[in-house]
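The file run_19.tsv comes next; it holds TSV, C-alpha atoms and all ligand atoms.
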```tsv
chain	number	residue	atom	x	y	z
K	1	MET	CA	9.38	3.32	-16.39
K	2	THR	CA	11.42	0.14	-16.69
K	3	ILE	CA	9.75	-3.22	-16.27
K	4	HIS	CA	12.24	-5.98	-15.61
K	5	SER	CA	11.72	-9.62	-16.34
K	6	ALA	CA	10.25	-12.16	-13.97
K	7	SER	CA	13.70	-13.61	-13.42
K	8	ARG	CA	14.30	-10.67	-11.07
K	9	TRP	CA	11.58	-11.81	-8.68
K	10	ALA	CA	12.75	-12.70	-5.19
K	11	ALA	CA	11.24	-13.27	-1.76
K	12	ASP	CA	11.96	-9.70	-0.68
K	13	ALA	CA	12.50	-6.39	-2.43
K	14	ASP	CA	15.94	-4.89	-2.77
K	15	ALA	CA	15.87	-1.13	-2.15
K	16	ALA	CA	18.77	-0.63	-4.58
K	17	TYR	CA	16.76	-2.34	-7.33
K	18	ILE	CA	13.77	-0.05	-6.75
K	19	ALA	CA	16.04	2.99	-6.50
K	20	ALA	CA	17.33	2.21	-10.01
K	21	HIS	CA	13.93	2.64	-11.69
K	22	ARG	CA	13.76	5.59	-14.04
K	23	GLY	CA	12.21	8.69	-12.47
K	24	VAL	CA	11.80	7.24	-8.98
K	25	GLN	CA	12.22	9.60	-6.02
K	26	ARG	CA	13.66	8.36	-2.73
K	27	PHE	CA	12.90	9.89	0.64
K	28	PRO	CA	16.25	11.31	1.74
K	29	GLY	CA	16.13	10.47	5.45
K	30	ARG	CA	17.82	7.38	6.84
K	31	ASP	CA	14.93	6.58	9.15
K	32	LEU	CA	12.58	5.40	6.44
K	33	THR	CA	13.02	3.51	3.15
K	34	LEU	CA	10.35	5.20	1.02
K	35	PHE	CA	9.98	5.67	-2.74
K	36	ILE	CA	7.62	7.67	-4.92
K	37	GLN	CA	7.02	6.87	-8.59
K	38	ARG	CA	4.80	9.26	-10.50
K	39	ASN	CA	2.64	7.90	-13.34
K	40	PHE	CA	3.18	4.32	-12.29
K	41	LEU	CA	-0.33	3.57	-13.59
K	42	THR	CA	-1.98	5.31	-16.52
K	43	PRO	CA	-5.19	7.32	-16.00
K	44	ASP	CA	-7.05	4.57	-17.91
K	45	GLN	CA	-5.73	1.89	-15.57
K	46	CYS	CA	-6.76	4.04	-12.59
K	47	ASP	CA	-10.27	4.53	-13.97
K	48	ALA	CA	-10.69	0.81	-14.57
K	49	LEU	CA	-9.67	0.12	-10.96
K	50	ILE	CA	-12.03	2.80	-9.61
K	51	GLU	CA	-14.86	1.17	-11.56
K	52	ARG	CA	-14.14	-2.16	-9.85
K	53	ILE	CA	-13.89	-0.56	-6.39
K	54	GLU	CA	-17.22	1.21	-6.92
K	55	ALA	CA	-18.86	-2.05	-7.95
K	56	ASP	CA	-17.70	-4.10	-4.99
K	57	ARG	CA	-17.03	-2.01	-1.88
K	58	ARG	CA	-17.80	-2.80	1.77
K	59	PRO	CA	-16.95	-1.11	5.10
K	60	SER	CA	-13.26	-1.52	5.99
K	61	THR	CA	-12.07	-3.52	8.94
K	62	ILE	CA	-8.82	-3.23	10.87
K	63	ALA	CA	-6.84	-6.17	12.08
K	64	ASP	CA	-5.69	-5.07	15.52
K	65	ALA	CA	-8.89	-3.96	17.22
K	66	ASN	CA	-8.13	-0.80	19.18
K	67	GLY	CA	-11.59	0.12	20.38
K	68	ASP	CA	-11.85	3.15	18.10
K	69	GLY	CA	-14.64	2.57	15.63
K	70	TYR	CA	-13.58	5.66	13.69
K	71	PHE	CA	-10.01	4.44	13.15
K	72	ARG	CA	-10.43	3.29	9.55
K	73	THR	CA	-13.62	4.69	8.15
K	74	SER	CA	-13.00	4.04	4.45
K	75	GLU	CA	-14.58	1.33	2.34
K	76	THR	CA	-12.58	-1.67	1.10
K	77	CYS	CA	-12.74	-3.80	-2.02
K	78	ASP	CA	-10.91	-7.10	-2.41
K	79	LEU	CA	-9.95	-6.95	-6.07
K	80	ASP	CA	-10.57	-10.30	-7.79
K	81	PRO	CA	-7.21	-12.00	-8.52
K	82	LEU	CA	-8.94	-14.00	-11.28
K	83	ASP	CA	-9.91	-10.82	-13.13
K	84	PRO	CA	-7.27	-10.62	-15.92
K	85	PHE	CA	-7.05	-6.83	-15.63
K	86	VAL	CA	-6.40	-7.05	-11.87
K	87	ALA	CA	-3.78	-9.74	-12.55
K	88	THR	CA	-1.99	-7.36	-14.94
K	89	ILE	CA	-1.81	-4.64	-12.27
K	90	ASP	CA	-0.60	-7.17	-9.73
K	91	ARG	CA	2.12	-8.31	-12.10
K	92	GLN	CA	3.15	-4.71	-12.83
K	93	ILE	CA	3.67	-4.13	-9.09
K	94	ALA	CA	5.58	-7.41	-8.68
K	95	ASP	CA	7.89	-6.51	-11.57
K	96	TYR	CA	8.53	-3.06	-10.16
K	97	ALA	CA	9.16	-4.43	-6.67
K	98	GLY	CA	11.12	-7.46	-7.83
K	99	ILE	CA	9.05	-9.57	-5.44
K	100	ASP	CA	7.59	-12.94	-6.39
K	101	PRO	CA	3.78	-12.54	-6.47
K	102	ILE	CA	3.34	-15.59	-4.25
K	103	TYR	CA	4.38	-13.37	-1.31
K	104	GLY	CA	1.58	-10.87	-1.96
K	105	GLU	CA	-1.77	-10.52	-0.24
K	106	PRO	CA	-4.62	-10.01	-2.73
K	107	LEU	CA	-4.72	-6.47	-4.08
K	108	GLN	CA	-7.08	-4.23	-2.09
K	109	GLY	CA	-8.94	-1.12	-3.13
K	110	GLN	CA	-9.93	1.67	-0.73
K	111	ARG	CA	-12.53	4.37	-1.16
K	112	TYR	CA	-12.65	7.38	1.17
K	113	ALA	CA	-15.65	9.71	1.12
K	114	VAL	CA	-15.64	13.18	2.75
K	115	GLY	CA	-14.58	12.89	6.39
K	116	GLN	CA	-13.23	9.36	6.03
K	117	GLU	CA	-9.65	8.51	6.97
K	118	PHE	CA	-7.25	5.80	8.13
K	119	LYS	CA	-5.73	7.09	11.37
K	120	ALA	CA	-2.01	6.77	12.11
K	121	HIS	CA	-0.93	3.12	12.03
K	122	THR	CA	1.82	0.83	10.87
K	123	ASP	CA	1.12	-1.80	8.23
K	124	TYR	CA	3.13	-4.45	10.06
K	125	PHE	CA	1.55	-6.31	12.97
K	126	GLU	CA	2.99	-5.79	16.43
K	127	PRO	CA	4.91	-9.00	17.13
K	128	HIS	CA	3.48	-9.06	20.67
K	129	GLY	CA	0.07	-7.69	19.72
K	130	PRO	CA	-3.15	-9.62	20.40
K	131	ASP	CA	-3.75	-10.46	16.72
K	132	PHE	CA	-0.26	-11.43	15.68
K	133	GLN	CA	-0.90	-15.18	15.73
K	134	LYS	CA	-4.19	-14.84	13.90
K	135	TYR	CA	-2.83	-12.70	11.06
K	136	CYS	CA	0.80	-13.76	10.83
K	137	ALA	CA	1.11	-17.42	11.88
K	138	LEU	CA	1.10	-18.76	8.32
K	139	SER	CA	2.54	-16.06	6.09
K	140	GLY	CA	4.58	-14.03	8.57
K	141	ASN	CA	4.51	-10.27	8.91
K	142	ARG	CA	4.13	-7.61	6.22
K	143	THR	CA	7.42	-6.61	4.62
K	144	TRP	CA	6.78	-4.02	1.89
K	145	THR	CA	3.78	-1.81	1.14
K	146	PHE	CA	2.98	-0.61	-2.40
K	147	MET	CA	0.14	1.86	-2.65
K	148	VAL	CA	-1.15	3.71	-5.72
K	149	TYR	CA	-3.39	6.79	-5.72
K	150	LEU	CA	-6.06	6.41	-8.39
K	151	ASN	CA	-7.29	10.01	-8.44
K	152	ILE	CA	-6.88	13.47	-6.89
K	153	PRO	CA	-9.60	14.27	-4.36
K	154	GLU	CA	-10.79	17.89	-4.48
K	155	ALA	CA	-9.33	18.53	-1.01
K	156	GLY	CA	-7.59	16.50	1.68
K	157	GLY	CA	-6.62	12.83	1.53
K	158	ALA	CA	-2.83	13.16	1.77
K	159	THR	CA	-0.75	10.42	3.37
K	160	ARG	CA	1.28	11.71	6.28
K	161	PHE	CA	4.27	9.88	7.75
K	162	THR	CA	3.91	11.40	11.17
K	163	LYS	CA	7.26	10.37	12.69
K	164	VAL	CA	9.43	11.71	9.87
K	165	GLY	CA	7.26	14.68	8.90
K	166	LYS	CA	6.70	13.59	5.30
K	167	MET	CA	3.43	14.36	3.56
K	168	VAL	CA	2.53	12.80	0.22
K	169	GLN	CA	-0.24	14.30	-1.89
K	170	PRO	CA	-2.52	12.09	-3.98
K	171	GLU	CA	-1.89	12.22	-7.73
K	172	THR	CA	-3.49	9.99	-10.33
K	173	GLY	CA	-1.28	6.94	-10.88
K	174	LYS	CA	1.36	7.89	-8.27
K	175	LEU	CA	2.94	4.94	-6.48
K	176	LEU	CA	4.17	5.10	-2.90
K	177	ALA	CA	6.36	2.19	-1.75
K	178	TRP	CA	8.04	1.61	1.57
K	179	ASP	CA	9.84	-1.05	3.53
K	180	ASN	CA	8.07	-1.66	6.84
K	181	ARG	CA	11.46	-2.66	8.32
K	182	ARG	CA	14.78	-1.01	8.97
K	183	PRO	CA	17.82	-2.15	6.99
K	184	ASP	CA	18.55	-4.64	9.81
K	185	ARG	CA	15.08	-6.20	9.18
K	186	THR	CA	13.56	-5.15	12.51
K	187	PHE	CA	10.13	-3.53	12.15
K	188	ASN	CA	10.32	0.22	11.77
K	189	PRO	CA	8.03	2.46	13.87
K	190	ALA	CA	9.04	5.39	11.61
K	191	THR	CA	6.71	3.90	9.00
K	192	LEU	CA	3.76	5.17	11.07
K	193	HIS	CA	1.39	6.84	8.61
K	194	HIS	CA	-2.02	8.44	8.45
K	195	GLY	CA	-4.40	8.42	5.48
K	196	MET	CA	-5.78	11.87	6.24
K	197	LYS	CA	-9.40	12.92	6.02
K	198	VAL	CA	-10.83	13.72	2.63
K	199	ARG	CA	-12.25	17.25	2.88
K	200	SER	CA	-13.98	17.40	-0.49
K	201	GLY	CA	-14.54	14.80	-3.20
K	202	VAL	CA	-13.65	11.12	-3.03
K	203	LYS	CA	-10.26	9.40	-2.74
K	204	TYR	CA	-9.38	6.02	-4.23
K	205	VAL	CA	-6.23	3.97	-3.68
K	206	ILE	CA	-5.04	0.42	-4.16
K	207	THR	CA	-2.74	-1.27	-1.67
K	208	LYS	CA	-0.47	-4.27	-2.09
K	209	TRP	CA	1.16	-5.81	0.97
K	210	TYR	CA	3.90	-8.43	0.75
K	211	ARG	CA	4.66	-11.01	3.45
K	212	GLU	CA	7.73	-12.73	4.84
K	213	ARG	CA	6.50	-16.09	3.56
K	214	PRO	CA	4.21	-17.08	0.68
K	215	TRP	CA	0.67	-15.81	1.22
K	216	THR	CA	-1.83	-18.32	2.59
K	217	SER	CA	-5.26	-16.93	3.37
S	1	LIG	O1	-4.97	6.03	2.04
S	1	LIG	C1	-3.87	6.32	2.49
S	1	LIG	O2	-3.33	7.41	2.27
S	1	LIG	C2	-3.16	5.34	3.36
S	1	LIG	C3	-3.71	3.95	3.24
S	1	LIG	C4	-3.03	3.00	4.16
S	1	LIG	O3	-2.27	3.37	4.99
S	1	LIG	C5	-3.28	1.55	4.10
S	1	LIG	O4	-4.17	1.13	3.34
S	1	LIG	O5	-2.58	0.81	4.81
S	2	FE	FE	-1.25	1.74	5.94
```

Re-express the file's structure as structure tokens.
Amino acid sequence: MTIHSASRWAADADAAYIAAHRGVQRFPGRDLTLFIQRNFLTPDQCDALIERIEADRRPSTIADANGDGYFRTSETCDLDPLDPFVATIDRQIADYAGIDPIYGEPLQGQRYAVGQEFKAHTDYFEPHGPDFQKYCALSGNRTWTFMVYLNIPEAGGATRFTKVGKMVQPETGKLLAWDNRRPDRTFNPATLHHGMKVRSGVKYVITKWYRERPWTS
């Protein structure tokens, strides 16, 4: 995998830049800008992240309350940006994306036990939704999502893009990256995705979301 220098960082990712990485796979449909990079993280890096998620997890919340308490049943961990190992991972994602890290929300870990899931949702906030002001007033909406599977659960736990019929299976170190917008920069409902129920074992992922403007918490 090619890591480019920091001089390639910009405010937004360029799909052509990501598409040029060695070994990357691109979803063929025009409705969704989606990439898969196997072995983006090493098994050792994944294990070190799992250790941190185990040490510091709490029940997940969702931003746009929808009245369904079972919508996102996983546990979340805000990975410490001051932890030098976490900073290395963050930098590795920024280099791959070509996005300046100042646009990134802090890296999050997720842990799904048997039966836990994240029902179909988009990562961007509905511009007319009730929580848009609260979550997007300062930093703007979410642009790109970078997600890495840290292990293979014994059964279940795939990510399903329900509108385009694409299913991605967890694999240790596999990166999934997508633009939450269409090429014309409008938000793309075809990014709707479902972190499906784990049927056996435990599933761990990390997620990195980038914003339209520099991140301010
Ligand atoms: O765990 C998954 O497969 C999906 C996670 C996800 O959609 C998210 O964290 O936004
Ligand atoms: Fe998501």

So, with all atoms listed in the file as the atoms that count, which of K:Gln110, K:Thr61, K:Thr143, K:Asn151 lies closest to Lys174 of chain K?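 Among K:Gln110, K:Thr61, K:Thr143, K:Asn151, it is K:Asn151 that comes nearest to Lys174 of chain K.
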
Selected residue, from K:Met147, K:Met167, K:Ala158, K:Ala87, that lies nearest to ligand FE 2 (chain S) when counting only C-alpha atoms and all ligand atoms: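 Looking at the shortest contact to ligand FE 2 (chain S), the residue is K:Met147.
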
Under the rule of at most 7 Å, produce a per-residue listing of chain K near ligand LIG 1 (chain S): chain, number, name, the closest pair of atoms, and the distance in Å, as CSV, using all atoms listed in the file.
```
residue,atom,partner,partner_atom,distance
K:Phe118,CA,S:LIG1,C2,6.3
K:Asp123,CA,S:LIG1,O5,5.7
K:Gly157,CA,S:LIG1,O2,6.4
K:Ala158,CA,S:LIG1,O2,5.8
K:Thr159,CA,S:LIG1,O2,4.1
K:His193,CA,S:LIG1,O3,6.2
K:His194,CA,S:LIG1,C2,6.1
K:Gly195,CA,S:LIG1,O2,3.5
K:Met196,CA,S:LIG1,O2,6.5
K:Val205,CA,S:LIG1,O1,6.2
K:Thr207,CA,S:LIG1,O4,5.7
```

Residues of chain K at most 12 Å from ligand FE 2 (chain S): nearest atom pair and distance in Å, all atoms listed in the file, as JSON lines:
```
{"residue": "K:Ile62", "atom": "CA", "partner": "S:FE2", "partner_atom": "FE", "distance": 10.3}
{"residue": "K:Ala63", "atom": "CA", "partner": "S:FE2", "partner_atom": "FE", "distance": 11.5}
{"residue": "K:Phe71", "atom": "CA", "partner": "S:FE2", "partner_atom": "FE", "distance": 11.7}
{"residue": "K:Arg72", "atom": "CA", "partner": "S:FE2", "partner_atom": "FE", "distance": 10.0}
{"residue": "K:Gln108", "atom": "CA", "partner": "S:FE2", "partner_atom": "FE", "distance": 11.6}
{"residue": "K:Gln110", "atom": "CA", "partner": "S:FE2", "partner_atom": "FE", "distance": 10.9}
{"residue": "K:Glu117", "atom": "CA", "partner": "S:FE2", "partner_atom": "FE", "distance": 10.8}
{"residue": "K:Phe118", "atom": "CA", "partner": "S:FE2", "partner_atom": "FE", "distance": 7.6}
{"residue": "K:Lys119", "atom": "CA", "partner": "S:FE2", "partner_atom": "FE", "distance": 8.8}
{"residue": "K:Ala120", "atom": "CA", "partner": "S:FE2", "partner_atom": "FE", "distance": 8.0}
{"residue": "K:His121", "atom": "CA", "partner": "S:FE2", "partner_atom": "FE", "distance": 6.3}
{"residue": "K:Thr122", "atom": "CA", "partner": "S:FE2", "partner_atom": "FE", "distance": 5.9}
{"residue": "K:Asp123", "atom": "CA", "partner": "S:FE2", "partner_atom": "FE", "distance": 4.8}
{"residue": "K:Tyr124", "atom": "CA", "partner": "S:FE2", "partner_atom": "FE", "distance": 8.6}
{"residue": "K:Phe125", "atom": "CA", "partner": "S:FE2", "partner_atom": "FE", "distance": 11.0}
{"residue": "K:Arg142", "atom": "CA", "partner": "S:FE2", "partner_atom": "FE", "distance": 10.8}
{"residue": "K:Trp144", "atom": "CA", "partner": "S:FE2", "partner_atom": "FE", "distance": 10.7}
{"residue": "K:Thr145", "atom": "CA", "partner": "S:FE2", "partner_atom": "FE", "distance": 7.8}
{"residue": "K:Phe146", "atom": "CA", "partner": "S:FE2", "partner_atom": "FE", "distance": 9.6}
{"residue": "K:Met147", "atom": "CA", "partner": "S:FE2", "partner_atom": "FE", "distance": 8.7}
{"residue": "K:Val148", "atom": "CA", "partner": "S:FE2", "partner_atom": "FE", "distance": 11.8}
{"residue": "K:Thr159", "atom": "CA", "partner": "S:FE2", "partner_atom": "FE", "distance": 9.1}
{"residue": "K:Arg160", "atom": "CA", "partner": "S:FE2", "partner_atom": "FE", "distance": 10.3}
{"residue": "K:Phe161", "atom": "CA", "partner": "S:FE2", "partner_atom": "FE", "distance": 10.0}
{"residue": "K:Leu176", "atom": "CA", "partner": "S:FE2", "partner_atom": "FE", "distance": 10.9}
{"residue": "K:Ala177", "atom": "CA", "partner": "S:FE2", "partner_atom": "FE", "distance": 10.8}
{"residue": "K:Trp178", "atom": "CA", "partner": "S:FE2", "partner_atom": "FE", "distance": 10.3}
{"residue": "K:Asp179", "atom": "CA", "partner": "S:FE2", "partner_atom": "FE", "distance": 11.7}
{"residue": "K:Asn180", "atom": "CA", "partner": "S:FE2", "partner_atom": "FE", "distance": 10.0}
{"residue": "K:Thr191", "atom": "CA", "partner": "S:FE2", "partner_atom": "FE", "distance": 8.8}
{"residue": "K:Leu192", "atom": "CA", "partner": "S:FE2", "partner_atom": "FE", "distance": 7.9}
{"residue": "K:His193", "atom": "CA", "partner": "S:FE2", "partner_atom": "FE", "distance": 6.3}
{"residue": "K:His194", "atom": "CA", "partner": "S:FE2", "partner_atom": "FE", "distance": 7.2}
{"residue": "K:Gly195", "atom": "CA", "partner": "S:FE2", "partner_atom": "FE", "distance": 7.4}
{"residue": "K:Met196", "atom": "CA", "partner": "S:FE2", "partner_atom": "FE", "distance": 11.1}
{"residue": "K:Val205", "atom": "CA", "partner": "S:FE2", "partner_atom": "FE", "distance": 11.1}
{"residue": "K:Ile206", "atom": "CA", "partner": "S:FE2", "partner_atom": "FE", "distance": 10.9}
{"residue": "K:Thr207", "atom": "CA", "partner": "S:FE2", "partner_atom": "FE", "distance": 8.3}
{"residue": "K:Lys208", "atom": "CA", "partner": "S:FE2", "partner_atom": "FE", "distance": 10.1}
{"residue": "K:Trp209", "atom": "CA", "partner": "S:FE2", "partner_atom": "FE", "distance": 9.4}
```

Restricted to C-alpha atoms, what would the selected residues look like written as a PDB file, keeping the file's coordinate frame?
```pdb
ATOM      1  CA  ILE K  62      -8.820  -3.230  10.870  1.00  0.00           C
ATOM      2  CA  ALA K  63      -6.840  -6.170  12.080  1.00  0.00           C
ATOM      3  CA  PHE K  71     -10.010   4.440  13.150  1.00  0.00           C
ATOM      4  CA  ARG K  72     -10.430   3.290   9.550  1.00  0.00           C
ATOM      5  CA  GLN K 108      -7.080  -4.230  -2.090  1.00  0.00           C
ATOM      6  CA  GLN K 110      -9.930   1.670  -0.730  1.00  0.00           C
ATOM      7  CA  GLU K 117      -9.650   8.510   6.970  1.00  0.00           C
ATOM      8  CA  PHE K 118      -7.250   5.800   8.130  1.00  0.00           C
ATOM      9  CA  LYS K 119      -5.730   7.090  11.370  1.00  0.00           C
ATOM     10  CA  ALA K 120      -2.010   6.770  12.110  1.00  0.00           C
ATOM     11  CA  HIS K 121      -0.930   3.120  12.030  1.00  0.00           C
ATOM     12  CA  THR K 122       1.820   0.830  10.870  1.00  0.00           C
ATOM     13  CA  ASP K 123       1.120  -1.800   8.230  1.00  0.00           C
ATOM     14  CA  TYR K 124       3.130  -4.450  10.060  1.00  0.00           C
ATOM     15  CA  PHE K 125       1.550  -6.310  12.970  1.00  0.00           C
ATOM     16  CA  ARG K 142       4.130  -7.610   6.220  1.00  0.00           C
ATOM     17  CA  TRP K 144       6.780  -4.020   1.890  1.00  0.00           C
ATOM     18  CA  THR K 145       3.780  -1.810   1.140  1.00  0.00           C
ATOM     19  CA  PHE K 146       2.980  -0.610  -2.400  1.00  0.00           C
ATOM     20  CA  MET K 147       0.140   1.860  -2.650  1.00  0.00           C
ATOM     21  CA  VAL K 148      -1.150   3.710  -5.720  1.00  0.00           C
ATOM     22  CA  THR K 159      -0.750  10.420   3.370  1.00  0.00           C
ATOM     23  CA  ARG K 160       1.280  11.710   6.280  1.00  0.00           C
ATOM     24  CA  PHE K 161       4.270   9.880   7.750  1.00  0.00           C
ATOM     25  CA  LEU K 176       4.170   5.100  -2.900  1.00  0.00           C
ATOM     26  CA  ALA K 177       6.360   2.190  -1.750  1.00  0.00           C
ATOM     27  CA  TRP K 178       8.040   1.610   1.570  1.00  0.00           C
ATOM     28  CA  ASP K 179       9.840  -1.050   3.530  1.00  0.00           C
ATOM     29  CA  ASN K 180       8.070  -1.660   6.840  1.00  0.00           C
ATOM     30  CA  THR K 191       6.710   3.900   9.000  1.00  0.00           C
ATOM     31  CA  LEU K 192       3.760   5.170  11.070  1.00  0.00           C
ATOM     32  CA  HIS K 193       1.390   6.840   8.610  1.00  0.00           C
ATOM     33  CA  HIS K 194      -2.020   8.440   8.450  1.00  0.00           C
ATOM     34  CA  GLY K 195      -4.400   8.420   5.480  1.00  0.00           C
ATOM     35  CA  MET K 196      -5.780  11.870   6.240  1.00  0.00           C
ATOM     36  CA  VAL K 205      -6.230   3.970  -3.680  1.00  0.00           C
ATOM     37  CA  ILE K 206      -5.040   0.420  -4.160  1.00  0.00           C
ATOM     38  CA  THR K 207      -2.740  -1.270  -1.670  1.00  0.00           C
ATOM     39  CA  LYS K 208      -0.470  -4.270  -2.090  1.00  0.00           C
ATOM     40  CA  TRP K 209       1.160  -5.810   0.970  1.00  0.00           C
TER      41      TRP K 209
END
```

K:Glu75, K:Gln92, K:Gly98, K:Arg58 ranked by distance to Ala19 of chain K, top pick (using all atoms listed in the file): K:Gly98

Compile the contact shell of Asp47 of chain K as a ChimeraX atom specification: residues with an atom at most 12 Å away, counting all atoms listed in the file, same-chain residues fewer than 4 positions apart removed. /K:41-43,51-54,85,149-152,172-173,204-206

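Interatomic distance, atom CA of Ala155 of chain K to atom CA of Gln37 of chain K: 21.5 Å.
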
Min atom-atom distance to Val114 of chain K from the set K:Pro81, K:Pro101, K:Gly129, K:Gly156, counting all atoms listed in the file, belongs to K:Gly156

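Ranking K:Val164, K:Tyr96, K:Pro84, K:Leu49 by their shortest atom-to-atom distance to His21 of chain K, with only C-alpha atoms included, puts K:Tyr96 first.
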
When you count all atoms listed in the file, which of these residues is closest to Asp95 of chain K: K:Arg38, K:Arg181, K:Lys134, K:Arg8?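 Checking each candidate against Asp95 of chain K, we get K:Arg8 as the closest.
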
Tell me, in Å to one decimal, how far atom CA of Thr88 of chain K is from atom CA of Ser217 of chain K.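 If I compute the distance from atom CA of Thr88 of chain K to atom CA of Ser217 of chain K, I get 20.9 Å.
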
Using only C-alpha atoms, determine which residues lie at most 8 Å from Asp80 of chain K, disregarding the query and same-chain residues fewer than 2 positions distant; provide the list as number ranges by chain. K: 78, 82-83, 86, 106-107

For the point (15.3, 0.2, -4.8) in the file's frame, write as a list in words all residues with an atom no more than 10 Å away, counting all atoms listed in the file.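 Returned residue set, sorted by chain then number, is Ala13, Asp14, Ala15, Ala16, Tyr17, Ile18, Ala19, Ala20, His21, Val24, Gln25, Arg26, Thr33, Leu34, Phe35, Tyr96, Ala97, Gly98, Ala177 and Trp178 of chain K.
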
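Atom pair atom CA of Trp215 of chain K / atom CA of Ala11 of chain K: separated by 11.3 Å.
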
Complete segment 152-164 of chain K with N, CA and C atoms (output as a PDB file, in the frame of the given file).
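Generated file (part_28.pdb):
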```pdb
ATOM      1  N   ILE K 152      -7.179  12.336  -7.772  1.00  0.00           N
ATOM      2  CA  ILE K 152      -6.880  13.470  -6.890  1.00  0.00           C
ATOM      3  C   ILE K 152      -8.197  13.933  -6.274  1.00  0.00           C
ATOM      4  N   PRO K 153      -8.375  13.732  -4.979  1.00  0.00           N
ATOM      5  CA  PRO K 153      -9.600  14.270  -4.360  1.00  0.00           C
ATOM      6  C   PRO K 153      -9.588  15.799  -4.426  1.00  0.00           C
ATOM      7  N   GLU K 154     -10.756  16.414  -4.364  1.00  0.00           N
ATOM      8  CA  GLU K 154     -10.790  17.890  -4.480  1.00  0.00           C
ATOM      9  C   GLU K 154     -10.026  18.558  -3.352  1.00  0.00           C
ATOM     10  N   ALA K 155     -10.101  17.997  -2.142  1.00  0.00           N
ATOM     11  CA  ALA K 155      -9.330  18.530  -1.010  1.00  0.00           C
ATOM     12  C   ALA K 155      -9.101  17.428   0.016  1.00  0.00           C
ATOM     13  N   GLY K 156      -7.925  17.461   0.628  1.00  0.00           N
ATOM     14  CA  GLY K 156      -7.590  16.500   1.680  1.00  0.00           C
ATOM     15  C   GLY K 156      -7.108  15.178   1.094  1.00  0.00           C
ATOM     16  N   GLY K 157      -6.955  14.173   1.980  1.00  0.00           N
ATOM     17  CA  GLY K 157      -6.620  12.830   1.530  1.00  0.00           C
ATOM     18  C   GLY K 157      -5.141  12.549   1.346  1.00  0.00           C
ATOM     19  N   ALA K 158      -4.267  13.440   1.861  1.00  0.00           N
ATOM     20  CA  ALA K 158      -2.830  13.160   1.770  1.00  0.00           C
ATOM     21  C   ALA K 158      -2.464  12.005   2.698  1.00  0.00           C
ATOM     22  N   THR K 159      -1.290  11.441   2.468  1.00  0.00           N
ATOM     23  CA  THR K 159      -0.750  10.420   3.370  1.00  0.00           C
ATOM     24  C   THR K 159       0.387  11.054   4.136  1.00  0.00           C
ATOM     25  N   ARG K 160       0.290  11.011   5.468  1.00  0.00           N
ATOM     26  CA  ARG K 160       1.280  11.710   6.280  1.00  0.00           C
ATOM     27  C   ARG K 160       2.063  10.706   7.112  1.00  0.00           C
ATOM     28  N   PHE K 161       3.385  10.713   6.928  1.00  0.00           N
ATOM     29  CA  PHE K 161       4.270   9.880   7.750  1.00  0.00           C
ATOM     30  C   PHE K 161       4.636  10.717   8.967  1.00  0.00           C
ATOM     31  N   THR K 162       3.917  10.467  10.045  1.00  0.00           N
ATOM     32  CA  THR K 162       3.910  11.400  11.170  1.00  0.00           C
ATOM     33  C   THR K 162       5.253  11.476  11.894  1.00  0.00           C
ATOM     34  N   LYS K 163       5.999  10.363  11.923  1.00  0.00           N
ATOM     35  CA  LYS K 163       7.260  10.370  12.690  1.00  0.00           C
ATOM     36  C   LYS K 163       8.403  11.067  11.956  1.00  0.00           C
ATOM     37  N   VAL K 164       8.333  11.088  10.630  1.00  0.00           N
ATOM     38  CA  VAL K 164       9.430  11.710   9.870  1.00  0.00           C
ATOM     39  C   VAL K 164       8.992  13.006   9.196  1.00  0.00           C
TER      40      VAL K 164
END
```
